[in-house]
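Peer 1: I have a structure here, written as structure tokens, and I will follow up with some questions on it.
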Amino acid sequence: MNIARFLFLSLFTALAFTSCTDKTNQLTNGVWRGALQTDNSVDIPFNFEIYDSLGVKQMAFLNGKERLNINEIEETADSVFIKTPLYESEIRAVKTANGLQGKWIKHLPNKTISMPFMAESNQSFRFVKEENSGVINMTGRWSVQFYKNNGTDTTFAVGEFEQSGNQVNGSFLTTTGDYRFLSGVVDNKTFMVSAFSGSSPVLFTGDLTDGSDIIKGKMYAGPSSVMNWSARRDEDAMLPDAYKIAGLKPGNDRITFSFQDLDGNKVSLSDDRFKDKVVVVQFLGSWCPNCMDETAFLAPFYEKYKNKGLEIIGLAYERYKEMDKAKAAVLNLKNRFKVNYPILLTGYTNDKGQVEESIPALDNFSAFPTTIIIKKDGTVDKIHTGFSGPATGKHYTEFTQEFEKEINKLLAE
């Protein structure tokens with residue numbers, strides 16, 4: 001963090017914590033409008049709800065159809081502290097005449113990042129209070145290009161959105177996963193959607209030309225990341241086949257590994273538990289939102305099929321090499337999603353090169369999550385890169401149906 005940034009945040013915090021020392025108001029129940037400010041003074045807006053459950057104050061981040069509940073809220077006479085252990089982040093704020101003011105803080109292995117935070121109670125809008133009539137409707141599928149490194153590196157995505165009046169919900173799908181539930185508006189010819197649920201905040205803006213193109217697109221993520229993008233309406237836009245991205249090196253038809261579970265026991269695919277079983281190997285990280293979506297699907301799927309010959313193993317590639325830190329992060333994930341299949345601590349980080357180092361038979365590993373389906377004889381059946389979560393609608397439904405069909409076919413062999 002540079003000195004100017006440090007001084008700004010220090011001054012911001014000092015002003016916030018002196019702005020309402022005489023306030024004793026309670027945290028108001030209802031829908032709030034929050035905003036996080038980037039280094040470029042761009043606000044990333046989001047919504048959340050404060051409510052009581054059994055006499056305990058609770059919070060839910062609201063993004064489109066998603067509602068992520070948070071129960072670690074501490075309230076004092078003049079301050080509010082909200083923790084999201086799953087993302088290793090927190091909000092520290094004070095009560096003001098208009099709501100809350102403070103900082104969002106995210107803890108990373110080698111640094112801590114933060115963004116100014118403010119929120120107003122009883123405000124359910126995200127971008128604009130009043131709707132404009134006659135706006136362009138962007139419902140449908142879009143072919144999207146993101147421009148990295150000043151435009152020298154282009155990546156492709158598919159945007160899918162539904163619009164009712166001014167309100168827009170949807171997501172961008174990529175080969176590694178999706179941007180989860182994005183929510184926002186079309187205001188005149190300006191497209192604006194955002195998402196925040198305790199992890200990295202993201203904002204997409206762009207100008208609609210005539211209903212067929214989006215130009216001057218900007219993506220803001222976290223405190224400082226800014227990327228240009230553009231899009232063209234294309235109902236036939238498609239991503240590469242997720243089953244044809246990663247594979248095995250020539251001469252290999254299976255994978256092997258031996259890692260510790262959370263109790264320190266070595267677990268290997270050659271163990272009796274996995275013999276003559278269909279096995280799903282999940283490459284994940286507790287830091288990865290798409291991995292969370294996949295875990296939320298696999299945990300109940302395992303309960304449904306564990307007595308029918310299916311086993312699932314999670315391989316955790318954390319930001320930390322230290323086993324105690326990695327274990328704490330994985331336990332948060334395991335407890336959050338009620339995971340009853342083993343998740344192993346690989347001892348490797350989320351560097352994609354380290355994944356192939358840990359599993360030498362793998363070729364072209366490119367994303368978390370990646371999922372390998374293994375037949376009863378121990379050979380690899382399929383390798384799927386990425387995961388299209390619930391925010392992708394029919395894509396999520398189609399994948400989960402296809403996945404279940406494949407597992408049933410292998411169980412019957």
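Within each chain, counting starts at residue 1; across the structure tokens, chains are named A, B, ... in the order shown, with ligands numbered 1 upward in that order.
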When DSSP works through the backbone of this structure, what residues of segment 2-171 of chain A end up as alpha helix (DSSP H), shown as JSON, numbers by chain?
Peer 2: {"A": [3, 4, 5, 6, 7, 8, 9, 10, 11, 12, 13, 14, 15, 16, 17, 18]}
Peer 1: For the residues in the current selection, export C-alpha atoms as a PDB file, in the first residue's frame.
Peer 2:
```
ATOM      1  CA  ILE A   3       1.757   6.220   1.540  1.00  0.00           C
ATOM      2  CA  ALA A   4      -0.988   8.321  -0.059  1.00  0.00           C
ATOM      3  CA  ARG A   5      -3.409   5.384   0.034  1.00  0.00           C
ATOM      4  CA  PHE A   6      -2.505   4.660   3.666  1.00  0.00           C
ATOM      5  CA  LEU A   7      -2.999   8.280   4.723  1.00  0.00           C
ATOM      6  CA  PHE A   8      -6.323   8.462   2.898  1.00  0.00           C
ATOM      7  CA  LEU A   9      -7.665   5.342   4.604  1.00  0.00           C
ATOM      8  CA  SER A  10      -6.371   6.477   7.993  1.00  0.00           C
ATOM      9  CA  LEU A  11      -8.057   9.859   7.601  1.00  0.00           C
ATOM     10  CA  PHE A  12     -11.220   8.204   6.265  1.00  0.00           C
ATOM     11  CA  THR A  13     -11.378   5.854   9.259  1.00  0.00           C
ATOM     12  CA  ALA A  14     -10.678   8.629  11.748  1.00  0.00           C
ATOM     13  CA  LEU A  15     -13.445  10.775  10.299  1.00  0.00           C
ATOM     14  CA  ALA A  16     -15.849   7.850  10.259  1.00  0.00           C
ATOM     15  CA  PHE A  17     -15.221   6.881  13.841  1.00  0.00           C
ATOM     16  CA  THR A  18     -15.628  10.451  15.076  1.00  0.00           C
TER      17      THR A  18
END
```
Peer 1: Pick out the residues sitting within 10 Å of segment 252-269 of chain A, and hand them over as a PyMOL selection string; count only C-alpha atoms, and ignore anything fewer than 2 positions along from it in its own chain.
Peer 2: chain A and resi 247-250+271-275+279+281+313-316+323-324+326-328+330-331+342-347+358-362+372+374-375+377-381
Peer 1: I want to know what sits within 12 Å of Lys338 of chain A, based on only C-alpha atoms, with residues of the same chain fewer than 6 positions away left out; could you give that as a list in words?
Peer 2: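 The residues satisfying every condition are Met292, Thr295, Ala296, Phe297, Leu298, Ala299, Pro300, Phe301, Tyr302, Glu303, Val330, Leu331 and Asn332 of chain A.
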Peer 1: Calculated over only C-alpha atoms, which of the candidates A:Glu162, A:Glu130, A:Glu413, A:Asp187 has the smallest distance to Gly206 of chain A?
Peer 2: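 Ranking A:Glu162, A:Glu130, A:Glu413, A:Asp187 by distance to Gly206 of chain A, first place goes to A:Asp187.
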Peer 1: State, in Å with one decimal place, the distance from atom CA of Ser41 of chain A to atom CA of Asn63 of chain A.
Peer 2: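 Pair atom CA of Ser41 of chain A / atom CA of Asn63 of chain A returns 22.3 Å.
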Peer 1: I want to know what sits within 12 Å of Gln123 of chain A, based on only C-alpha atoms, with residues of the same chain fewer than 6 positions away left out; could you give that as a ChimeraX atom specification?
Peer 2: /A:28-35,45-50,98-99,129
Peer 1: Next, dump the selected residues to file, keeping only N, CA and C atoms, as a compact mmCIF listing (two decimals), in the first residue's frame.
Peer 2:
```txt
# COMPACT_ATOMS: atom_id res chain seq x y z
N THR A 28 -30.72 -0.94 11.82
CA THR A 28 -32.11 -1.02 11.37
C THR A 28 -32.36 -2.24 10.50
N ASN A 29 -33.41 -2.98 10.80
CA ASN A 29 -33.81 -4.09 9.95
C ASN A 29 -34.36 -3.57 8.63
N GLY A 30 -34.17 -4.37 7.55
CA GLY A 30 -34.66 -4.00 6.23
C GLY A 30 -33.55 -4.08 5.20
N VAL A 31 -33.88 -3.66 3.98
CA VAL A 31 -32.93 -3.69 2.87
C VAL A 31 -32.10 -2.41 2.85
N TRP A 32 -30.79 -2.57 2.68
CA TRP A 32 -29.85 -1.47 2.65
C TRP A 32 -29.19 -1.39 1.28
N ARG A 33 -28.70 -0.19 0.96
CA ARG A 33 -27.85 -0.01 -0.21
C ARG A 33 -26.44 0.29 0.27
N GLY A 34 -25.49 -0.59 -0.11
CA GLY A 34 -24.10 -0.38 0.24
C GLY A 34 -23.28 -0.01 -0.97
N ALA A 35 -22.08 0.49 -0.75
CA ALA A 35 -21.17 0.81 -1.84
C ALA A 35 -19.74 0.70 -1.35
N PRO A 45 -21.83 -0.57 -6.17
CA PRO A 45 -22.99 -0.68 -5.27
C PRO A 45 -23.46 -2.12 -5.10
N PHE A 46 -24.12 -2.38 -3.98
CA PHE A 46 -24.69 -3.69 -3.72
C PHE A 46 -25.81 -3.51 -2.70
N ASN A 47 -26.56 -4.57 -2.48
CA ASN A 47 -27.67 -4.53 -1.51
C ASN A 47 -27.50 -5.65 -0.49
N PHE A 48 -27.98 -5.39 0.69
CA PHE A 48 -28.01 -6.41 1.73
C PHE A 48 -29.21 -6.17 2.63
N GLU A 49 -29.59 -7.20 3.34
CA GLU A 49 -30.73 -7.10 4.26
C GLU A 49 -30.26 -7.40 5.68
N ILE A 50 -30.73 -6.60 6.61
CA ILE A 50 -30.52 -6.84 8.04
C ILE A 50 -31.83 -7.36 8.62
N ASN A 98 -26.84 8.77 8.53
CA ASN A 98 -27.47 8.19 7.34
C ASN A 98 -27.36 6.68 7.26
N GLY A 99 -26.54 6.07 8.10
CA GLY A 99 -26.39 4.62 8.02
C GLY A 99 -25.09 4.13 8.60
N LYS A 129 -32.79 5.34 -8.58
CA LYS A 129 -34.05 5.30 -7.83
C LYS A 129 -35.26 5.25 -8.75
```
Peer 1: Give me, as a short mmCIF file (atom, residue, chain, number, x, y, z; two decimals) with all heavy atoms, in the first residue's frame, all polymer residues having an atom no more than 8 Å from segment 284-290 of chain A, counting only C-alpha atoms and skipping those fewer than 5 positions away in the same chain.
Peer 2:
```
data_model
loop_
_atom_site.label_atom_id
_atom_site.label_comp_id
_atom_site.auth_asym_id
_atom_site.auth_seq_id
_atom_site.Cartn_x
_atom_site.Cartn_y
_atom_site.Cartn_z
N LEU A 86 -15.64 -17.34 5.42
CA LEU A 86 -15.47 -18.14 4.21
C LEU A 86 -14.58 -17.41 3.21
O LEU A 86 -13.82 -18.03 2.46
CB LEU A 86 -16.83 -18.43 3.59
CG LEU A 86 -16.91 -19.54 2.55
CD1 LEU A 86 -16.46 -20.86 3.13
CD2 LEU A 86 -18.31 -19.65 1.99
N TYR A 87 -14.68 -16.09 3.18
CA TYR A 87 -13.88 -15.29 2.26
C TYR A 87 -12.70 -14.60 2.95
O TYR A 87 -12.00 -13.82 2.33
CB TYR A 87 -14.75 -14.22 1.60
CG TYR A 87 -15.86 -14.76 0.76
CD1 TYR A 87 -17.19 -14.49 1.05
CD2 TYR A 87 -15.60 -15.55 -0.36
CE1 TYR A 87 -18.23 -14.97 0.27
CE2 TYR A 87 -16.62 -16.04 -1.15
CZ TYR A 87 -17.93 -15.75 -0.83
OH TYR A 87 -18.95 -16.23 -1.61
N GLY A 177 -15.54 -20.64 -15.43
CA GLY A 177 -16.70 -20.52 -14.55
C GLY A 177 -17.50 -19.30 -14.92
O GLY A 177 -17.42 -18.81 -16.06
N ASP A 178 -18.27 -18.76 -13.98
CA ASP A 178 -19.09 -17.60 -14.27
C ASP A 178 -18.87 -16.54 -13.21
O ASP A 178 -18.27 -16.79 -12.17
CB ASP A 178 -20.57 -18.00 -14.32
CG ASP A 178 -21.07 -18.57 -12.99
OD1 ASP A 178 -20.93 -19.80 -12.77
OD2 ASP A 178 -21.58 -17.79 -12.17
N ARG A 180 -21.08 -15.32 -11.44
CA ARG A 180 -22.15 -15.49 -10.46
C ARG A 180 -23.28 -14.48 -10.69
O ARG A 180 -23.45 -13.97 -11.79
CB ARG A 180 -21.58 -15.47 -9.06
CG ARG A 180 -20.39 -16.43 -8.90
CD ARG A 180 -19.86 -16.53 -7.51
NE ARG A 180 -20.60 -17.54 -6.75
CZ ARG A 180 -20.98 -17.38 -5.49
NH1 ARG A 180 -20.75 -16.24 -4.88
NH2 ARG A 180 -21.60 -18.35 -4.86
N GLY A 314 -12.19 -34.26 -2.49
CA GLY A 314 -11.80 -32.89 -2.80
C GLY A 314 -10.31 -32.72 -2.60
O GLY A 314 -9.76 -33.17 -1.59
N LEU A 315 -9.64 -32.10 -3.56
CA LEU A 315 -8.22 -31.77 -3.43
C LEU A 315 -8.11 -30.26 -3.30
O LEU A 315 -8.42 -29.52 -4.23
CB LEU A 315 -7.42 -32.26 -4.65
CG LEU A 315 -7.47 -33.76 -4.96
CD1 LEU A 315 -6.55 -34.09 -6.13
CD2 LEU A 315 -7.09 -34.58 -3.73
N ALA A 316 -7.69 -29.80 -2.13
CA ALA A 316 -7.68 -28.37 -1.83
C ALA A 316 -6.31 -27.75 -2.15
O ALA A 316 -5.28 -28.18 -1.62
CB ALA A 316 -8.03 -28.13 -0.36
N TYR A 317 -6.35 -26.75 -3.00
CA TYR A 317 -5.15 -25.97 -3.34
C TYR A 317 -5.38 -24.56 -2.80
O TYR A 317 -6.07 -23.74 -3.40
CB TYR A 317 -4.93 -25.96 -4.86
CG TYR A 317 -4.55 -27.32 -5.40
CD1 TYR A 317 -5.54 -28.28 -5.67
CD2 TYR A 317 -3.22 -27.66 -5.60
CE1 TYR A 317 -5.20 -29.54 -6.14
CE2 TYR A 317 -2.87 -28.92 -6.08
CZ TYR A 317 -3.86 -29.85 -6.35
OH TYR A 317 -3.52 -31.10 -6.80
N GLU A 318 -4.82 -24.31 -1.64
CA GLU A 318 -5.10 -23.08 -0.92
C GLU A 318 -4.08 -21.98 -1.25
O GLU A 318 -3.06 -22.23 -1.89
CB GLU A 318 -5.12 -23.36 0.58
CG GLU A 318 -6.25 -24.28 0.99
CD GLU A 318 -7.62 -23.72 0.62
OE1 GLU A 318 -7.93 -22.59 1.03
OE2 GLU A 318 -8.37 -24.41 -0.09
N ARG A 319 -4.35 -20.81 -0.78
CA ARG A 319 -3.40 -19.71 -0.96
C ARG A 319 -2.19 -19.89 -0.04
O ARG A 319 -1.14 -19.29 -0.24
CB ARG A 319 -4.08 -18.37 -0.65
CG ARG A 319 -5.10 -17.93 -1.71
CD ARG A 319 -5.56 -16.53 -1.40
NE ARG A 319 -6.31 -15.96 -2.49
CZ ARG A 319 -7.60 -15.64 -2.44
NH1 ARG A 319 -8.27 -15.86 -1.33
NH2 ARG A 319 -8.22 -15.11 -3.47
N ALA A 329 -8.96 -22.76 6.60
CA ALA A 329 -9.74 -22.26 5.47
C ALA A 329 -10.66 -23.35 4.92
O ALA A 329 -11.83 -23.11 4.62
CB ALA A 329 -8.82 -21.74 4.38
N VAL A 330 -10.13 -24.58 4.80
CA VAL A 330 -10.93 -25.69 4.26
C VAL A 330 -12.04 -26.08 5.23
O VAL A 330 -13.16 -26.42 4.80
CB VAL A 330 -10.02 -26.89 3.93
CG1 VAL A 330 -10.85 -28.12 3.57
CG2 VAL A 330 -9.08 -26.54 2.79
N ASN A 332 -13.69 -24.10 7.15
CA ASN A 332 -14.76 -23.13 6.96
C ASN A 332 -15.66 -23.53 5.80
O ASN A 332 -16.89 -23.49 5.89
CB ASN A 332 -14.18 -21.73 6.70
CG ASN A 332 -13.84 -20.99 7.97
OD1 ASN A 332 -14.46 -21.20 9.01
ND2 ASN A 332 -12.85 -20.13 7.90
N LEU A 333 -15.02 -23.94 4.69
CA LEU A 333 -15.77 -24.39 3.52
C LEU A 333 -16.57 -25.64 3.83
O LEU A 333 -17.76 -25.74 3.50
CB LEU A 333 -14.80 -24.64 2.36
CG LEU A 333 -15.42 -25.17 1.07
CD1 LEU A 333 -16.03 -24.02 0.27
CD2 LEU A 333 -14.37 -25.89 0.21
N ASN A 350 -2.55 -22.35 -5.01
CA ASN A 350 -3.50 -22.27 -6.13
C ASN A 350 -2.82 -21.90 -7.44
O ASN A 350 -3.50 -21.55 -8.41
CB ASN A 350 -4.61 -21.27 -5.81
CG ASN A 350 -4.06 -19.88 -5.50
OD1 ASN A 350 -2.96 -19.73 -5.03
ND2 ASN A 350 -4.87 -18.87 -5.76
N PHE A 368 -9.77 -23.49 -11.60
CA PHE A 368 -10.48 -24.01 -10.43
C PHE A 368 -11.92 -23.55 -10.54
O PHE A 368 -12.17 -22.37 -10.79
CB PHE A 368 -9.86 -23.46 -9.14
CG PHE A 368 -8.48 -23.95 -8.83
CD1 PHE A 368 -7.38 -23.19 -9.18
CD2 PHE A 368 -8.28 -25.16 -8.20
CE1 PHE A 368 -6.11 -23.62 -8.90
CE2 PHE A 368 -7.00 -25.60 -7.92
CZ PHE A 368 -5.91 -24.83 -8.27
N PRO A 369 -12.90 -24.46 -10.38
CA PRO A 369 -12.70 -25.89 -10.16
C PRO A 369 -12.47 -26.65 -11.45
O PRO A 369 -12.86 -26.20 -12.53
CB PRO A 369 -14.03 -26.31 -9.52
CG PRO A 369 -15.04 -25.40 -10.16
CD PRO A 369 -14.33 -24.08 -10.34
N THR A 370 -11.84 -27.79 -11.34
CA THR A 370 -11.78 -28.80 -12.39
C THR A 370 -12.20 -30.11 -11.74
O THR A 370 -11.85 -30.37 -10.60
CB THR A 370 -10.37 -28.91 -12.99
OG1 THR A 370 -10.11 -27.74 -13.78
CG2 THR A 370 -10.23 -30.13 -13.87
N GLY A 386 -13.88 -25.90 -15.06
CA GLY A 386 -14.80 -24.85 -14.65
C GLY A 386 -16.11 -25.40 -14.11
O GLY A 386 -16.31 -26.62 -14.01
N PHE A 387 -17.00 -24.49 -13.76
CA PHE A 387 -18.32 -24.87 -13.26
C PHE A 387 -19.28 -23.72 -13.47
O PHE A 387 -19.03 -22.60 -13.03
CB PHE A 387 -18.27 -25.23 -11.77
CG PHE A 387 -19.57 -25.75 -11.23
CD1 PHE A 387 -19.96 -27.05 -11.48
CD2 PHE A 387 -20.40 -24.93 -10.48
CE1 PHE A 387 -21.17 -27.54 -10.97
CE2 PHE A 387 -21.60 -25.40 -9.98
CZ PHE A 387 -21.99 -26.72 -10.22
N SER A 388 -20.36 -24.00 -14.17
CA SER A 388 -21.41 -23.00 -14.38
C SER A 388 -22.42 -23.13 -13.26
O SER A 388 -23.18 -24.10 -13.20
CB SER A 388 -22.09 -23.21 -15.74
OG SER A 388 -21.16 -22.99 -16.79
N GLY A 389 -22.42 -22.16 -12.34
CA GLY A 389 -23.24 -22.23 -11.15
C GLY A 389 -24.68 -21.82 -11.36
O GLY A 389 -25.12 -21.58 -12.50
#
```
